[in-house]
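Source file: model-v4.txt. Holds: compact mmCIF, C-alpha atoms and all ligand atoms.
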# COMPACT_ATOMS: atom_id res chain seq x y z
CA MET A 165 64.38 89.96 66.76
CA LYS A 166 66.92 87.18 66.79
CA ILE A 167 70.07 89.08 67.57
CA ARG A 168 73.24 88.01 65.76
CA LEU A 169 76.20 88.18 68.11
CA ALA A 170 79.91 88.15 67.44
CA VAL A 171 82.06 87.69 70.52
CA LEU A 172 85.75 88.54 70.83
CA VAL A 173 87.72 86.67 73.47
CA SER A 174 91.29 86.16 74.62
CA GLY A 175 91.15 83.43 77.22
CA ARG A 176 88.89 81.56 79.57
CA GLY A 177 85.59 82.62 78.00
CA SER A 178 83.32 82.38 81.04
CA ASN A 179 81.38 85.43 79.83
CA LEU A 180 81.01 83.78 76.43
CA GLN A 181 79.63 80.73 78.22
CA ALA A 182 77.19 82.93 80.13
CA ILE A 183 75.92 84.36 76.84
CA HIS A 184 75.58 80.88 75.35
CA ARG A 185 73.72 79.70 78.47
CA ALA A 186 71.36 82.68 78.33
CA ILE A 187 70.49 81.84 74.72
CA GLY A 188 69.91 78.20 75.70
CA ASN A 189 67.64 79.35 78.53
CA LYS A 190 65.77 81.65 76.14
CA VAL A 191 66.63 84.76 78.15
CA PHE A 192 66.73 86.42 74.73
CA ASP A 193 66.38 85.30 71.14
CA GLY A 194 69.91 85.22 69.79
CA GLU A 195 72.65 83.36 68.03
CA ILE A 196 76.40 83.52 68.44
CA VAL A 197 77.36 83.72 64.78
CA LEU A 198 81.10 84.06 65.33
CA VAL A 199 83.70 83.96 68.07
CA LEU A 200 87.10 85.42 67.31
CA ALA A 201 90.12 84.85 69.52
CA ASP A 202 93.49 86.59 69.46
CA ASN A 203 95.08 83.67 71.28
CA PRO A 204 95.19 80.18 69.76
CA GLY A 205 95.24 78.61 73.23
CA ALA A 206 92.11 80.38 74.46
CA ALA A 207 89.91 77.95 76.39
CA ALA A 208 86.97 79.76 74.81
CA LEU A 209 87.88 78.16 71.46
CA GLY A 210 87.55 74.70 73.00
CA PHE A 211 84.14 75.64 74.36
CA CYS A 212 83.08 76.76 70.88
CA ALA A 213 84.31 73.54 69.29
CA ASP A 214 82.41 71.49 71.87
CA ASN A 215 79.22 73.47 71.38
CA GLY A 216 79.08 73.97 67.63
CA ILE A 217 79.76 77.70 67.79
CA PRO A 218 81.61 79.06 64.74
CA SER A 219 84.98 80.29 65.95
CA LYS A 220 88.32 81.29 64.64
CA TYR A 221 91.72 82.32 65.89
CA ILE A 222 93.04 85.25 63.91
CA HIS A 223 96.65 86.23 64.41
CA PRO A 224 96.54 89.63 66.09
CA GLY A 225 99.71 91.01 64.53
CA ASP A 226 102.87 92.21 66.15
CA PHE A 227 101.50 94.38 68.93
CA LYS A 228 100.84 92.88 72.34
CA THR A 229 98.10 95.19 73.53
CA LYS A 230 96.29 96.50 70.49
CA LEU A 231 94.82 95.44 67.20
CA GLU A 232 96.07 97.43 64.24
CA GLY A 233 96.96 97.28 60.57
CA ALA A 234 96.60 94.09 58.51
CA ALA A 235 95.53 92.01 61.51
CA GLU A 236 92.83 94.50 62.35
CA GLN A 237 91.62 94.37 58.73
CA ALA A 238 91.42 90.58 58.98
CA TYR A 239 89.23 90.91 62.08
CA ILE A 240 87.03 93.47 60.33
CA ALA A 241 86.64 91.23 57.28
CA ALA A 242 85.71 88.18 59.36
CA LEU A 243 83.22 90.22 61.37
CA ARG A 244 81.67 91.76 58.25
CA ALA A 245 81.24 88.30 56.71
CA ALA A 246 79.38 87.15 59.85
CA ALA A 247 77.06 90.19 59.73
CA PRO A 248 76.55 90.58 63.48
CA ASP A 249 74.01 92.99 64.96
CA LEU A 250 76.20 93.40 68.02
CA ILE A 251 79.87 92.71 68.77
CA VAL A 252 80.67 91.79 72.35
CA LEU A 253 84.16 92.11 73.76
CA ALA A 254 84.08 89.46 76.48
CA GLY A 255 87.53 89.30 77.99
CA PHE A 256 89.22 90.53 74.82
CA MET A 257 92.46 91.87 76.24
CA ARG A 258 93.39 94.17 73.42
CA VAL A 259 92.61 97.77 72.55
CA VAL A 260 90.49 98.10 69.42
CA LYS A 261 91.25 101.05 67.20
CA PRO A 262 89.14 103.48 65.14
CA PRO A 263 88.96 101.45 61.90
CA LEU A 264 87.22 98.56 63.65
CA ILE A 265 85.17 100.86 65.86
CA ARG A 266 83.96 102.85 62.85
CA ALA A 267 83.19 99.73 60.82
CA PHE A 268 80.63 98.79 63.51
CA GLU A 269 79.76 102.20 64.90
CA ASN A 270 77.86 102.01 68.21
CA ARG A 271 77.45 98.26 67.84
CA ILE A 272 80.43 97.17 69.95
CA ILE A 273 80.14 96.67 73.70
CA ASN A 274 82.68 95.62 76.29
CA ILE A 275 82.46 94.18 79.78
CA HIS A 276 84.96 95.65 82.21
CA PRO A 277 85.61 94.52 85.79
CA SER A 278 85.28 97.84 87.61
CA LEU A 279 82.79 100.61 88.21
CA LEU A 280 83.91 102.84 85.37
CA PRO A 281 85.11 105.59 85.25
CA LYS A 282 87.08 104.08 88.14
CA TYR A 283 89.96 101.86 87.08
CA PRO A 284 89.98 101.68 83.31
CA GLY A 285 92.68 99.35 81.97
CA LEU A 286 94.21 96.39 83.75
CA HIS A 287 94.49 95.02 87.32
CA THR A 288 91.20 96.57 88.39
CA HIS A 289 90.70 94.37 91.45
CA ALA A 290 94.22 94.90 92.78
CA ARG A 291 93.77 98.64 92.36
CA ALA A 292 90.40 98.66 94.17
CA LEU A 293 91.90 96.65 97.05
CA GLU A 294 94.95 98.87 97.24
CA ALA A 295 92.77 101.97 97.36
CA GLY A 296 90.82 100.52 100.27
CA ASP A 297 87.53 100.76 98.37
CA ARG A 298 84.45 99.32 100.04
CA GLU A 299 82.82 98.29 96.78
CA THR A 300 83.61 97.57 93.18
CA GLY A 301 81.73 95.90 90.36
CA CYS A 302 81.51 95.68 86.62
CA THR A 303 80.42 97.85 83.75
CA VAL A 304 79.09 97.09 80.30
CA HIS A 305 79.78 100.01 78.00
CA PHE A 306 79.84 101.03 74.36
CA VAL A 307 83.31 100.88 72.85
CA ASN A 308 84.72 104.10 71.50
CA GLU A 309 88.19 105.48 70.96
CA VAL A 310 88.83 106.15 74.63
CA ILE A 311 90.01 103.02 76.45
CA ASP A 312 87.12 101.83 78.63
CA GLY A 313 85.66 105.29 78.12
CA GLY A 314 82.55 104.79 75.95
CA LYS A 315 79.02 105.47 77.15
CA ARG A 316 78.23 103.20 80.08
CA ILE A 317 75.15 101.01 79.69
CA MET A 318 74.84 99.00 82.90
CA GLN A 319 76.76 98.53 86.11
CA ALA A 320 76.51 96.09 88.97
CA ARG A 321 77.95 96.83 92.39
CA VAL A 322 79.74 94.25 94.48
CA PRO A 323 80.92 94.68 98.09
CA ILE A 324 84.58 94.39 99.01
CA ARG A 325 84.89 92.38 102.21
CA PRO A 326 87.64 92.40 104.81
CA GLY A 327 90.26 89.84 103.88
CA ASP A 328 89.38 89.89 100.19
CA THR A 329 92.16 89.02 97.79
CA GLU A 330 92.39 89.70 94.10
CA ALA A 331 91.17 86.13 93.51
CA SER A 332 88.19 86.27 95.88
CA LEU A 333 87.13 89.67 94.57
CA SER A 334 87.51 88.73 90.95
CA ALA A 335 85.36 85.62 91.53
CA ARG A 336 82.63 87.72 93.18
CA VAL A 337 82.66 90.25 90.36
CA LEU A 338 82.75 87.57 87.67
CA LYS A 339 79.56 86.08 89.06
CA VAL A 340 77.69 89.33 88.45
CA GLU A 341 79.40 89.84 85.07
CA HIS A 342 77.68 86.63 83.99
CA GLN A 343 74.32 88.18 84.82
CA VAL A 344 74.89 91.73 83.62
CA LEU A 345 76.22 90.91 80.17
CA PRO A 346 73.23 88.74 79.13
CA ALA A 347 70.88 91.34 80.66
CA VAL A 348 72.37 94.04 78.45
CA ILE A 349 72.31 91.84 75.34
CA LYS A 350 68.65 91.10 76.03
CA MET A 351 67.94 94.83 75.99
CA PHE A 352 69.66 95.13 72.61
CA ALA A 353 67.69 92.13 71.32
CA ASP A 354 64.48 93.78 72.53
CA GLY A 355 65.41 96.99 70.74
CA LYS A 356 65.61 98.90 74.02
CA ILE A 357 69.07 100.36 73.60
CA ASP A 358 69.89 103.03 71.11
CA TYR A 359 73.26 104.71 71.41
CA LYS A 360 72.01 108.15 70.49
CA THR A 361 69.20 108.32 73.02
CA PHE A 362 70.91 106.34 75.77
CA PRO A 363 71.30 108.46 78.93
CA ALA A 364 74.66 109.59 80.24
CA GLU A 365 74.25 107.61 83.46
CA PRO A 366 74.28 103.81 83.29
CA MET A 367 71.49 101.56 84.50
CA ILE A 368 72.19 99.77 87.75
CA PHE A 369 71.76 96.02 87.61
CA SER A 370 69.75 94.38 90.32
CA ALA A 371 69.29 90.64 90.45
CA LYS A 372 65.67 89.49 90.30
C1 LIG A 401 86.38 89.31 82.81
O1 LIG A 401 86.50 89.58 84.17
C2 LIG A 401 86.25 90.60 82.02
O2 LIG A 401 85.51 91.59 82.69
C3 LIG A 401 87.69 91.02 81.92
O3 LIG A 401 88.40 89.84 81.69
C4 LIG A 401 87.70 88.75 82.27
C5 LIG A 401 87.46 87.71 81.20
O4 LIG A 401 86.94 86.53 81.74
N1 LIG A 401 87.89 91.97 80.87
C6 LIG A 401 88.82 92.91 80.90
O5 LIG A 401 89.58 93.07 81.83
C7 LIG A 401 88.84 93.78 79.67
N2 LIG A 401 89.84 94.78 79.79
P1 LIG A 401 86.29 85.44 80.81
O6 LIG A 401 87.30 85.14 79.69
O7 LIG A 401 86.12 84.25 81.71
O8 LIG A 401 84.99 85.96 80.27
Could I get this structure in the form of structure tokens?
Amino acid sequence: MKIRLAVLVSGRGSNLQAIHRAIGNKVFDGEIVLVLADNPGAAALGFCADNGIPSKYIHPGDFKTKLEGAAEQAYIAALRAAAPDLIVLAGFMRVVKPPLIRAFENRIINIHPSLLPKYPGLHTHARALEAGDRETGCTVHFVNEVIDGGKRIMQARVPIRPGDTEASLSARVLKVEHQVLPAVIKMFADGKIDYKTFPAEPMIFSAK
């Protein structure tokens, strides 16, 4: 099926670009039907404008880290109008709450830059470096009411090398994020992922 995607972003939008590229390369049959940003200056909005992708900044309300109340309802309404099959949080730096989660039950996924359950939340790379970890990675997971705690779908592992900095590590992880996210969306498009029957352990991504 041609999967209808809505993508929520806050900034740079490199994962959004990876999704757009995968569609262009026919990795899966899909369409980005809406991009919503909580930040009017998000570079992702410029990318959408340049590439004919419907996009909108919606004021996220008074909270800095979550989406609640009237603002949340505005996001829900815009998403409902776009009728997506799947909502992708791709660098959306805000906690989504039960009303939005329930409106699109088991149809929201997020990409997170760590091997969950390690390092939910922010500053994942700094925390991995500080802990002296030898590897890190990224996780695509279903979004539920626990922050970065929904069922994990796919992970990719990335080595941590001596001398790595937050910047070098984040660049290495981002490179695999751009592969893992389209790979997961392809599985949704192919009807291969069903929340209810999905195993407790995530798939491990391996590059072809
Ligand atoms: C990505 O590394 C993504 O995993 C992370 O933000 C970055 C967004 O980059 N997301 C989170 O930390 C979510 N809590 P992008 O805007 O270039 O896709």
Q. Once you count all atoms listed in the file, which residues end up within 7 Å of ligand LIG 401 (chain A), and could you hand them over as a count of residues only?
A. 21
Q: Could you jot down the atom CA of A:Ile251 to atom CA of A:Lys166 separation for me, Å, one decimal place?
A: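 Taking atom CA of A:Ile251 as the start and atom CA of A:Lys166 as the end point, the length is 14.2 Å.
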Q) Hey, which of A:Asn270, A:Thr361, A:Thr303, A:Gln237 ends up closest to A:Pro284? Count all atoms listed in the file. A)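 Of A:Asn270, A:Thr361, A:Thr303, A:Gln237, the one nearest A:Pro284, counting all atoms listed in the file, is A:Thr303.
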Q: Between atom CA of A:Gly216 and atom CA of A:Gln343, measure the distance and give it in Å to one decimal.
A: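 Separation between atom CA of A:Gly216 and atom CA of A:Gln343: 22.8 Å.
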(Q) Just the number, please: distance in Å from atom CA of A:Asn274 to atom CA of A:Pro323, one decimal. (A) 21.9 Å
Q.
Ranking A:Lys230, A:Lys350, A:His184, A:Lys220 by minimum distance to A:Ala242 and counting all atoms listed in the file, which one comes first?
A. A:Lys220
Q. Counting all atoms listed in the file, what is within 7 Å of stretch 189-205 of chain A, bar same-chain residues fewer than 2 positions away, as a list in words?
A.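 The contact residues come out as Met165, Lys166, Ile167, Arg168, Leu169, Ala170, Val171, Leu172, Val173, Ser174, Arg185, Ala186, Ile187, Ala207, Ile217, Pro218, Ser219, Lys220, Tyr221, Ile222, His223, Pro224, Ala246, Lys350 and Ala353 of chain A.
Counting all atoms listed in the file, the residue from A:Glu269, A:Arg316, A:Phe211, A:Arg336 that sits nearest to A:Ala182 is A:Phe211.
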